[in-house]
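The data block below is work.tsv; it holds TSV, C-alpha atoms and all ligand atoms.
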```tsv
chain	number	residue	atom	x	y	z
A	9	MET	CA	0.78	22.32	-34.90
A	10	SER	CA	-0.70	23.77	-31.71
A	11	LEU	CA	-0.92	27.44	-30.88
A	12	LYS	CA	2.38	28.89	-29.63
A	13	HIS	CA	2.99	32.14	-27.79
A	14	PHE	CA	6.04	34.36	-28.19
A	15	TYR	CA	6.83	37.27	-25.88
A	16	ILE	CA	9.39	39.11	-27.97
A	17	PHE	CA	11.29	41.97	-26.40
A	18	ARG	CA	14.15	44.34	-27.04
A	19	HIS	CA	17.15	44.22	-24.66
A	20	GLY	CA	17.53	46.72	-21.82
A	21	GLU	CA	19.37	49.99	-22.26
A	22	THR	CA	23.13	50.18	-22.92
A	23	VAL	CA	25.59	53.07	-22.81
A	24	SER	CA	25.50	53.17	-26.62
A	25	ASN	CA	21.69	53.49	-26.59
A	26	ASN	CA	22.09	56.46	-24.33
A	27	LEU	CA	24.70	58.05	-26.60
A	28	ARG	CA	22.55	57.27	-29.71
A	29	ILE	CA	25.32	55.18	-31.27
A	30	PHE	CA	24.35	52.62	-33.93
A	31	GLN	CA	25.28	49.30	-32.36
A	32	GLY	CA	24.38	46.74	-35.00
A	33	GLN	CA	26.43	43.58	-34.64
A	34	SER	CA	29.93	44.91	-34.01
A	35	ARG	CA	29.35	47.01	-30.89
A	36	ASN	CA	28.79	44.49	-28.17
A	37	ASP	CA	27.91	46.47	-25.03
A	38	TYR	CA	26.56	45.01	-21.80
A	39	LEU	CA	23.56	46.65	-20.11
A	40	ASN	CA	24.01	49.84	-18.13
A	41	GLU	CA	22.42	50.17	-14.69
A	42	LYS	CA	19.12	51.40	-16.10
A	43	GLY	CA	19.11	48.50	-18.56
A	44	MET	CA	19.55	45.98	-15.76
A	45	ASN	CA	16.68	47.52	-13.81
A	46	GLN	CA	14.55	47.37	-16.95
A	47	ALA	CA	15.32	43.64	-17.24
A	48	TYR	CA	14.22	43.05	-13.64
A	49	GLU	CA	11.00	44.99	-14.28
A	50	LEU	CA	10.34	42.96	-17.41
A	51	ALA	CA	10.86	39.75	-15.43
A	52	LYS	CA	8.07	40.89	-13.09
A	53	PHE	CA	5.78	41.55	-16.07
A	54	LEU	CA	6.52	38.13	-17.56
A	55	ALA	CA	6.19	36.27	-14.25
A	56	ASP	CA	2.57	35.21	-14.85
A	57	LYS	CA	2.91	34.42	-18.56
A	58	ASN	CA	3.99	30.79	-18.04
A	59	LEU	CA	7.19	31.07	-20.08
A	60	GLU	CA	8.86	27.69	-20.57
A	61	LEU	CA	11.97	28.63	-22.55
A	62	MET	CA	14.02	31.79	-23.10
A	63	VAL	CA	15.93	32.31	-26.35
A	64	SER	CA	18.24	35.18	-27.13
A	65	SER	CA	20.35	36.89	-29.70
A	66	PRO	CA	24.02	36.12	-28.93
A	67	LEU	CA	24.92	39.80	-28.42
A	68	ASN	CA	25.73	40.74	-24.81
A	69	ARG	CA	22.94	43.30	-24.37
A	70	ALA	CA	20.23	40.81	-25.39
A	71	LEU	CA	21.80	37.82	-23.69
A	72	GLU	CA	22.26	39.62	-20.39
A	73	THR	CA	18.61	40.78	-20.48
A	74	ALA	CA	17.46	37.24	-21.27
A	75	GLN	CA	19.62	35.69	-18.54
A	76	ILE	CA	18.35	38.06	-15.84
A	77	ILE	CA	14.76	37.18	-16.73
A	78	ALA	CA	15.43	33.44	-17.15
A	79	ARG	CA	17.10	33.29	-13.73
A	80	LYS	CA	14.13	35.05	-12.12
A	81	LEU	CA	11.65	32.74	-13.85
A	82	GLN	CA	13.85	29.66	-13.37
A	83	ILE	CA	13.76	28.60	-17.01
A	84	ARG	CA	16.50	27.65	-19.49
A	85	CYS	CA	18.06	30.23	-21.78
A	86	LEU	CA	19.38	29.35	-25.28
A	87	ARG	CA	21.23	31.49	-27.81
A	88	MET	CA	20.05	31.70	-31.40
A	89	GLN	CA	22.30	33.29	-33.97
A	90	GLN	CA	19.34	34.17	-36.24
A	91	LEU	CA	18.00	36.58	-33.60
A	92	ILE	CA	21.06	38.82	-33.76
A	93	GLU	CA	20.58	42.53	-34.60
A	94	GLY	CA	20.87	43.55	-38.24
A	95	ASN	CA	24.31	44.12	-39.66
A	96	LEU	CA	24.30	47.89	-40.18
A	97	GLY	CA	27.56	47.87	-42.18
A	98	SER	CA	29.25	51.25	-42.53
A	99	VAL	CA	27.12	53.08	-39.92
A	100	GLU	CA	27.92	50.82	-36.97
A	101	ASN	CA	29.68	52.68	-34.13
A	102	LYS	CA	28.56	56.07	-35.48
A	103	LYS	CA	26.04	58.61	-34.22
A	104	PRO	CA	23.32	59.89	-36.62
A	105	GLU	CA	25.11	63.25	-36.95
A	106	ASP	CA	28.36	61.52	-37.97
A	107	LEU	CA	26.84	59.76	-40.99
A	108	THR	CA	27.94	60.74	-44.48
A	109	ASP	CA	25.35	62.42	-46.70
A	110	GLU	CA	24.82	59.14	-48.53
A	111	GLU	CA	24.36	57.22	-45.26
A	112	LYS	CA	21.86	59.87	-44.07
A	113	GLN	CA	19.81	59.30	-47.21
A	114	ILE	CA	19.84	55.56	-46.68
A	115	PHE	CA	18.95	56.00	-43.00
A	116	LYS	CA	15.84	58.00	-43.98
A	117	VAL	CA	14.41	55.08	-45.93
A	118	TRP	CA	15.87	52.40	-43.62
A	119	LYS	CA	13.44	53.56	-40.94
A	120	ARG	CA	10.39	53.19	-43.20
A	121	LEU	CA	8.32	50.01	-43.38
A	122	LEU	CA	6.69	49.89	-46.80
A	123	PRO	CA	7.59	46.96	-49.10
A	124	GLN	CA	9.67	49.14	-51.44
A	125	TYR	CA	12.15	49.71	-48.60
A	126	MET	CA	12.82	46.06	-47.77
A	127	SER	CA	15.88	45.80	-50.05
A	128	VAL	CA	17.59	48.81	-48.44
A	129	SER	CA	20.96	48.24	-46.70
A	130	PHE	CA	23.94	50.25	-45.53
A	131	GLU	CA	27.24	49.60	-47.29
A	132	GLY	CA	28.50	46.16	-46.23
A	133	GLY	CA	25.35	45.44	-44.19
A	134	GLU	CA	22.24	43.27	-44.45
A	135	THR	CA	19.02	44.25	-46.19
A	136	LYS	CA	15.89	44.40	-44.08
A	137	GLN	CA	14.54	41.45	-46.05
A	138	GLN	CA	17.60	39.38	-45.06
A	139	ILE	CA	17.13	40.28	-41.40
A	140	LEU	CA	13.43	39.38	-41.50
A	141	SER	CA	14.09	36.09	-43.31
A	142	ARG	CA	16.51	34.81	-40.67
A	143	ALA	CA	14.34	36.05	-37.78
A	144	ILE	CA	11.22	34.31	-39.06
A	145	TYR	CA	13.29	31.17	-39.69
A	146	ALA	CA	14.16	31.25	-35.97
A	147	ILE	CA	10.47	31.54	-35.04
A	148	HIS	CA	9.55	28.62	-37.35
A	149	GLN	CA	12.29	26.50	-35.74
A	150	LEU	CA	11.21	27.36	-32.21
A	151	ALA	CA	7.60	26.56	-33.03
A	152	LYS	CA	8.63	22.96	-33.76
A	153	ARG	CA	9.81	22.54	-30.17
A	154	PRO	CA	7.61	20.97	-27.48
A	155	GLU	CA	7.35	24.15	-25.40
A	156	THR	CA	4.30	26.39	-25.90
A	157	VAL	CA	5.32	29.77	-24.45
A	158	PHE	CA	8.66	31.40	-25.31
A	159	GLY	CA	10.50	34.53	-24.27
A	160	VAL	CA	12.61	35.99	-27.09
A	161	SER	CA	15.29	38.57	-26.36
A	162	THR	CA	16.36	40.42	-29.46
A	163	HIS	CA	16.77	43.87	-31.06
A	164	SER	CA	14.72	46.77	-32.39
A	165	THR	CA	15.20	46.10	-36.12
A	166	VAL	CA	14.32	42.42	-35.74
A	167	ILE	CA	11.16	43.21	-33.75
A	168	ARG	CA	10.04	46.00	-36.10
A	169	LEU	CA	10.29	43.62	-39.05
A	170	LEU	CA	8.49	40.76	-37.28
A	171	MET	CA	5.73	43.26	-36.43
A	172	LEU	CA	5.51	44.19	-40.09
A	173	LEU	CA	5.17	40.56	-41.06
A	174	ALA	CA	2.32	40.32	-38.56
A	175	GLY	CA	0.52	43.26	-40.23
A	176	ARG	CA	1.58	46.10	-37.98
A	177	TYR	CA	3.47	49.34	-38.53
A	178	GLN	CA	5.38	49.83	-35.27
A	179	HIS	CA	8.20	52.33	-35.63
A	180	LYS	CA	9.20	52.72	-32.00
A	181	ILE	CA	10.47	49.71	-30.06
A	182	PRO	CA	11.32	50.77	-26.49
A	183	ASN	CA	13.97	48.95	-24.47
A	184	ALA	CA	12.69	45.98	-22.46
A	185	GLN	CA	9.07	46.16	-23.60
A	186	ALA	CA	7.54	42.79	-24.48
A	187	PHE	CA	5.26	42.29	-27.47
A	188	HIS	CA	2.97	39.28	-27.47
A	189	PHE	CA	2.71	37.26	-30.70
A	190	THR	CA	0.91	34.02	-31.44
A	191	TYR	CA	2.00	31.44	-34.01
A	192	GLU	CA	-0.20	28.80	-35.62
A	193	ASN	CA	0.01	26.85	-38.88
A	194	GLY	CA	3.09	28.78	-39.94
A	195	VAL	CA	1.48	32.20	-39.41
A	196	LEU	CA	2.81	34.76	-36.92
A	197	ARG	CA	0.19	37.17	-35.55
A	198	TYR	CA	0.32	40.10	-33.20
A	199	ALA	CA	-1.75	39.01	-30.20
A	200	GLU	CA	-5.01	40.89	-30.01
A	201	ASP	CA	-5.05	41.89	-26.37
A	202	GLU	CA	-4.74	45.65	-26.68
A	203	ASN	CA	-6.93	48.74	-26.70
A	204	LEU	CA	-7.53	49.64	-30.34
A	205	LEU	CA	-8.91	52.85	-31.87
A	206	LEU	CA	-10.69	52.21	-35.17
A	207	LEU	CA	-11.03	55.12	-37.60
A	208	SER	CA	-14.31	54.82	-39.45
A	209	CYS	CA	-15.38	56.81	-42.52
A	210	CYS	CA	-19.00	55.63	-42.57
A	211	ALA	CA	-21.39	52.94	-41.34
A	212	PRO	CA	-21.38	50.78	-44.51
A	213	CYS	CA	-17.56	50.48	-44.58
A	214	SER	CA	-17.21	49.82	-40.86
A	215	CYS	CA	-20.24	47.67	-39.93
A	216	ALA	CA	-18.72	44.24	-40.67
A	217	VAL	CA	-15.39	45.12	-39.04
A	218	ILE	CA	-17.13	46.49	-35.94
A	219	GLU	CA	-19.26	43.36	-35.70
A	220	LYS	CA	-16.23	41.08	-36.08
A	221	LEU	CA	-14.17	42.89	-33.43
A	222	ALA	CA	-17.18	42.96	-31.07
A	223	LEU	CA	-17.81	39.21	-31.53
A	224	GLU	CA	-14.12	38.56	-30.84
A	225	LYS	CA	-14.57	40.56	-27.62
A	226	ARG	CA	-11.77	42.93	-28.58
A	227	ARG	CA	-11.16	46.08	-26.56
A	228	PHE	CA	-11.79	48.90	-29.03
A	229	SER	CA	-13.52	52.21	-29.72
A	230	VAL	CA	-14.62	53.76	-32.99
A	231	VAL	CA	-13.48	57.27	-33.86
A	232	PHE	CA	-15.22	59.40	-36.49
A	233	TYR	CA	-12.89	62.00	-37.93
A	234	ASN	CA	-14.00	62.91	-41.45
A	235	PRO	CA	-13.72	66.64	-42.12
A	236	ASN	CA	-13.47	65.71	-45.81
A	237	ILE	CA	-17.23	65.09	-46.02
A	238	ARG	CA	-19.41	67.85	-47.34
A	239	PRO	CA	-21.90	69.37	-47.11
A	240	VAL	CA	-22.21	69.36	-43.35
A	241	GLU	CA	-25.71	67.82	-43.56
A	242	GLU	CA	-24.18	64.80	-45.29
A	243	TYR	CA	-21.46	64.63	-42.63
A	244	GLU	CA	-24.12	64.61	-39.91
A	245	LYS	CA	-26.10	61.87	-41.64
A	246	ARG	CA	-23.04	59.60	-41.81
A	247	ARG	CA	-22.01	60.39	-38.26
A	248	VAL	CA	-25.45	59.52	-36.89
A	249	GLU	CA	-25.55	56.25	-38.86
A	250	ASN	CA	-22.09	55.26	-37.67
A	251	GLU	CA	-23.05	55.97	-34.08
A	252	ARG	CA	-26.15	53.80	-34.54
A	253	VAL	CA	-23.96	50.84	-35.60
A	254	CYS	CA	-21.72	51.34	-32.57
A	255	THR	CA	-24.72	51.48	-30.26
A	256	THR	CA	-25.99	48.21	-31.78
A	257	TYR	CA	-22.73	46.47	-30.82
A	258	ASP	CA	-22.22	48.41	-27.60
A	259	VAL	CA	-18.95	49.97	-28.78
A	260	PRO	CA	-17.81	53.45	-27.65
A	261	PHE	CA	-18.17	56.04	-30.43
A	262	ILE	CA	-15.92	59.13	-30.47
A	263	PRO	CA	-16.72	61.94	-32.92
A	264	LEU	CA	-13.82	64.37	-33.35
A	265	GLU	CA	-14.10	67.92	-34.70
A	266	TYR	CA	-15.55	68.69	-38.13
A	267	ASP	CA	-12.75	70.86	-39.50
A	268	ASN	CA	-13.76	71.12	-43.13
A	269	LEU	CA	-11.97	74.47	-43.54
A	270	CYS	CA	-8.68	72.84	-42.58
A	271	TRP	CA	-9.33	69.99	-45.04
A	272	ARG	CA	-10.16	72.41	-47.86
A	273	THR	CA	-7.03	74.45	-47.15
A	274	LEU	CA	-4.93	71.29	-47.30
A	275	THR	CA	-6.37	70.18	-50.64
A	276	LYS	CA	-6.68	73.61	-52.25
A	277	GLY	CA	-6.28	73.49	-56.02
A	278	MET	CA	-6.61	69.71	-56.14
A	279	MET	CA	-10.30	69.23	-56.77
A	280	ARG	CA	-9.65	68.22	-60.37
A	281	GLU	CA	-7.48	65.33	-59.19
A	282	PRO	CA	-9.16	61.97	-59.81
A	283	GLU	CA	-10.20	59.72	-56.94
A	284	ARG	CA	-7.15	57.65	-55.88
A	285	GLY	CA	-4.94	60.62	-56.84
A	286	LYS	CA	-2.80	63.01	-54.78
A	287	ARG	CA	-5.76	64.62	-53.04
A	288	CYS	CA	-6.82	61.26	-51.59
A	289	SER	CA	-3.28	60.60	-50.27
A	290	LEU	CA	-3.35	63.92	-48.41
A	291	CYS	CA	-6.88	63.27	-47.19
A	292	PHE	CA	-6.04	59.81	-45.78
A	293	HIS	CA	-2.84	61.09	-44.19
A	294	MET	CA	-4.53	64.07	-42.52
A	295	ARG	CA	-7.28	61.93	-40.97
A	296	LEU	CA	-4.97	59.13	-39.86
A	297	LYS	CA	-2.40	61.49	-38.36
A	298	ARG	CA	-5.04	63.37	-36.37
A	299	VAL	CA	-6.48	60.10	-35.07
A	300	MET	CA	-3.06	58.71	-34.17
A	301	THR	CA	-2.22	61.89	-32.26
A	302	TYR	CA	-5.53	61.53	-30.42
A	303	ALA	CA	-4.87	57.83	-29.76
A	304	LYS	CA	-1.50	58.60	-28.20
A	305	ALA	CA	-2.94	61.36	-26.01
A	306	LYS	CA	-5.72	59.05	-24.81
A	307	ARG	CA	-3.38	56.07	-24.32
A	308	PHE	CA	-4.80	53.71	-26.93
A	309	ASP	CA	-2.29	51.02	-27.93
A	310	ALA	CA	-2.77	51.26	-31.69
A	311	VAL	CA	-4.92	52.65	-34.49
A	312	ALA	CA	-6.65	50.73	-37.29
A	313	SER	CA	-8.95	52.00	-40.01
A	314	VAL	CA	-11.59	51.01	-42.56
A	315	LEU	CA	-10.53	53.68	-45.06
A	316	GLY	CA	-9.51	51.00	-47.55
A	317	VAL	CA	-12.54	48.71	-47.20
A	318	SER	CA	-14.51	50.04	-50.18
A	319	ARG	CA	-13.48	48.40	-53.46
A	320	TYR	CA	-13.28	51.89	-54.97
A	321	LYS	CA	-10.33	52.66	-52.71
A	322	ASP	CA	-6.67	51.80	-53.30
A	323	LEU	CA	-5.68	49.86	-50.20
A	324	ASN	CA	-1.95	50.41	-50.87
A	325	GLN	CA	-2.57	54.15	-50.93
A	326	VAL	CA	-4.33	53.99	-47.56
A	327	ASN	CA	-1.57	51.83	-46.08
A	328	ALA	CA	1.16	54.18	-47.35
A	329	ALA	CA	-0.59	57.12	-45.68
A	330	ALA	CA	-0.99	55.09	-42.47
A	331	GLU	CA	2.67	54.07	-42.44
A	332	LEU	CA	3.76	57.70	-42.86
A	333	ALA	CA	1.40	58.92	-40.12
A	334	SER	CA	2.60	56.14	-37.83
A	335	PHE	CA	6.22	57.09	-38.54
A	336	GLU	CA	5.49	60.74	-37.75
A	337	THR	CA	3.46	60.21	-34.59
A	338	GLY	CA	5.05	57.02	-33.20
A	339	CYS	CA	1.58	55.47	-32.90
A	340	PRO	CA	1.41	51.81	-34.09
A	341	TYR	CA	-0.97	51.06	-36.97
A	342	GLN	CA	-2.66	47.67	-37.12
A	343	LEU	CA	-3.74	46.38	-40.55
A	344	ILE	CA	-7.27	44.97	-40.36
A	345	GLU	CA	-8.98	42.76	-42.93
A	346	GLY	CA	-12.17	44.34	-44.25
A	347	ARG	CA	-12.36	43.00	-47.78
A	348	LYS	CA	-11.42	39.32	-47.91
A	349	ASN	CA	-12.45	36.22	-45.93
A	350	GLY	CA	-16.16	36.88	-46.42
A	351	MET	CA	-16.03	40.41	-45.02
A	352	GLN	CA	-17.55	42.04	-48.14
A	353	ILE	CA	-20.45	39.57	-48.14
A	354	ARG	CA	-21.06	40.20	-44.44
A	355	ARG	CA	-20.89	43.94	-45.07
A	356	GLU	CA	-23.63	43.74	-47.71
A	357	ALA	CA	-25.77	41.58	-45.42
A	358	LEU	CA	-25.42	44.02	-42.52
A	359	ILE	CA	-26.25	47.03	-44.69
A	360	ASP	CA	-29.55	45.27	-45.49
A	361	LYS	CA	-30.17	43.97	-41.98
A	362	LEU	CA	-29.52	47.30	-40.24
A	363	ASN	CA	-31.07	49.27	-43.09
A	364	LEU	CA	-28.00	51.52	-43.23
A	365	TYR	CA	-27.90	54.78	-45.13
A	366	GLN	CA	-25.60	54.36	-48.15
A	367	GLN	CA	-24.00	57.48	-49.56
A	368	THR	CA	-23.49	57.85	-53.29
A	369	TYR	CA	-20.06	59.52	-53.19
A	370	CYS	CA	-16.89	59.23	-51.16
A	371	GLY	CA	-16.92	62.53	-49.30
A	372	CYS	CA	-15.51	65.64	-50.86
A	373	ARG	CA	-17.35	65.72	-54.17
A	374	PRO	CA	-21.14	65.55	-54.10
A	375	PRO	CA	-22.55	63.23	-56.79
A	376	ARG	CA	-22.82	63.84	-60.47
A	377	GLY	CA	-25.07	60.86	-61.04
A	378	LYS	CA	-22.28	58.36	-60.39
A	379	VAL	CA	-22.07	56.06	-57.38
A	380	ASP	CA	-18.44	56.21	-56.17
A	381	ALA	CA	-18.37	54.90	-52.63
B	401	LIG	S1	-12.41	61.23	-52.83
B	401	LIG	FE1	-12.68	60.58	-50.70
B	401	LIG	S2	-10.62	59.95	-49.99
B	401	LIG	FE2	-10.38	61.15	-51.87
B	401	LIG	S3	-10.04	63.24	-51.16
B	401	LIG	FE3	-12.25	63.05	-51.54
B	401	LIG	S4	-13.11	62.45	-49.56
B	401	LIG	FE4	-10.89	62.10	-49.42
```
Can the structure from this file be put into structure tokens for me?
Ligand code: SF4
Amino acid sequence: MSLKHFYIFRHGETVSNNLRIFQGQSRNDYLNEKGMNQAYELAKFLADKNLELMVSSPLNRALETAQIIARKLQIRCLRMQQLIEGNLGSVENKKPEDLTDEEKQIFKVWKRLLPQYMSVSFEGGETKQQILSRAIYAIHQLAKRPETVFGVSTHSTVIRLLMLLAGRYQHKIPNAQAFHFTYENGVLRYAEDENLLLLSCCAPCSCAVIEKLALEKRRFSVVFYNPNIRPVEEYEKRRVENERVCTTYDVPFIPLEYDNLCWRTLTKGMMREPERGKRCSLCFHMRLKRVMTYAKAKRFDAVASVLGVSRYKDLNQVNAAAELASFETGCPYQLIEGRKNGMQIRREALIDKLNLYQQTYCGCRPPRGKVDA
């Protein structure tokens, strides 16, 4: 099957969006004036993307957005039931402050994207897994069609879950913003045409990822924010080596502040915790949250990291910290492969080739004769 492109977007604004009312499937508003203007603006953005077919959720807000754009682009517009917003059961037509205590608890985890939350649902509603399953079924079906480039008008929950499937934590889905996905051999990917900020902990963990992104001609910078490393001489050594790798591949290198006092305050009383324990969760979260805040201020599109590249690290622990930081800051987090598909072998080869300094401990605990990073 050839490569397909999907420009997937959330409908324009409705009165209920403005009033913060959960719409789900039962509240079937049309667009308000702002929403219609957003649809016209989106049509301008999509004008040079060569869309051949528009498909839409059957709900009025999505269909109206899709029809405005399809008319402007002079393409057909089809409805697809599987693209409908999630059934939010008992909370539909309510505002967040009107939820019962039980619904508020469910809402807290409904918004999160880790696998353990996929079976969550409101009373009488769909689980997130059910919503994702029907949405990806729709994408598979569309990919069988002869057209190559599709516009897809749908809803925030559907898009957030498709993003997750494509390896991205994206908590905020603005009205009428298009996200570009590609689809090939049954795999949906987030299209890699954005400005990425890569958090690096050291040269050995990041070298193969930096090389791969550079060879793919991706737009990205490397940020070095590791106040966990001590002593400061060791921090400097790793910073200099990481900058050397970036210079080799002509990638911008951004060192942030060395705030070891702040790190030590955060982890006070935890130095007896084992590696992969609670201290590491706090450490990952602190670094990722600072970098995501920086990324938003400097208008990067998303953050990625190599914090889980070393085989001594628990990748799920890193991803959980990243998901939480992304939830708190609103900055998307892109999962990046640094271990599989030959990346570890390439990493070893580059360490030799570039004669990189290899530390003998992760960061916060100088060695006791044991190599741990
Ligand atoms: S072992 Fe590494 S990841 Fe864990 S707290 Fe120390 S520096 Fe951070």
Need to verify the contact set: range 227-238 of chain A, 7 Å, all atoms listed in the file, exclusion of same-chain residues closer than 5 positions in sequence. Can you return it as a count of residues only? 23
May I have the residues within 12 Å of Ala330 in chain A as a PyMOL selection string, using all atoms listed in the file and disregarding those fewer than 2 positions away in the same chain? chain A and resi 120-122+176-179+207+289-300+310-316+323-328+332-343
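Interatomic distance, CA of Cys210 in chain A to CA of Tyr302 in chain A: 19.1 Å.
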Between A:Glu241, A:Glu283, A:Asp106, A:Glu251, smallest distance to ligand LIG 401 (chain B) by all atoms listed in the file belongs to A:Glu283
Extending 8 Å beyond the listed atoms of range 115-125 of chain A on each side, what axis-aligned box results? I want centre and edge lengths in Å to one decimal, as JSON.
```
{"center_x": 12.8, "center_y": 52.5, "center_z": -46.2, "size_x": 28.3, "size_y": 27.0, "size_z": 26.5}
```
Could you check which of A:Gly94, A:Pro104, A:Pro66, A:Pro154 is closest to Leu27 in chain A, using all atoms listed in the file? A:Pro104
In terms of the shortest atom-to-atom distance over all atoms listed in the file, which of A:Met351, A:Glu242, A:Ser129, A:Thr255 is closest to Glu110 in chain A?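 Of A:Met351, A:Glu242, A:Ser129, A:Thr255, the one nearest Glu110 in chain A, counting all atoms listed in the file, is A:Ser129.
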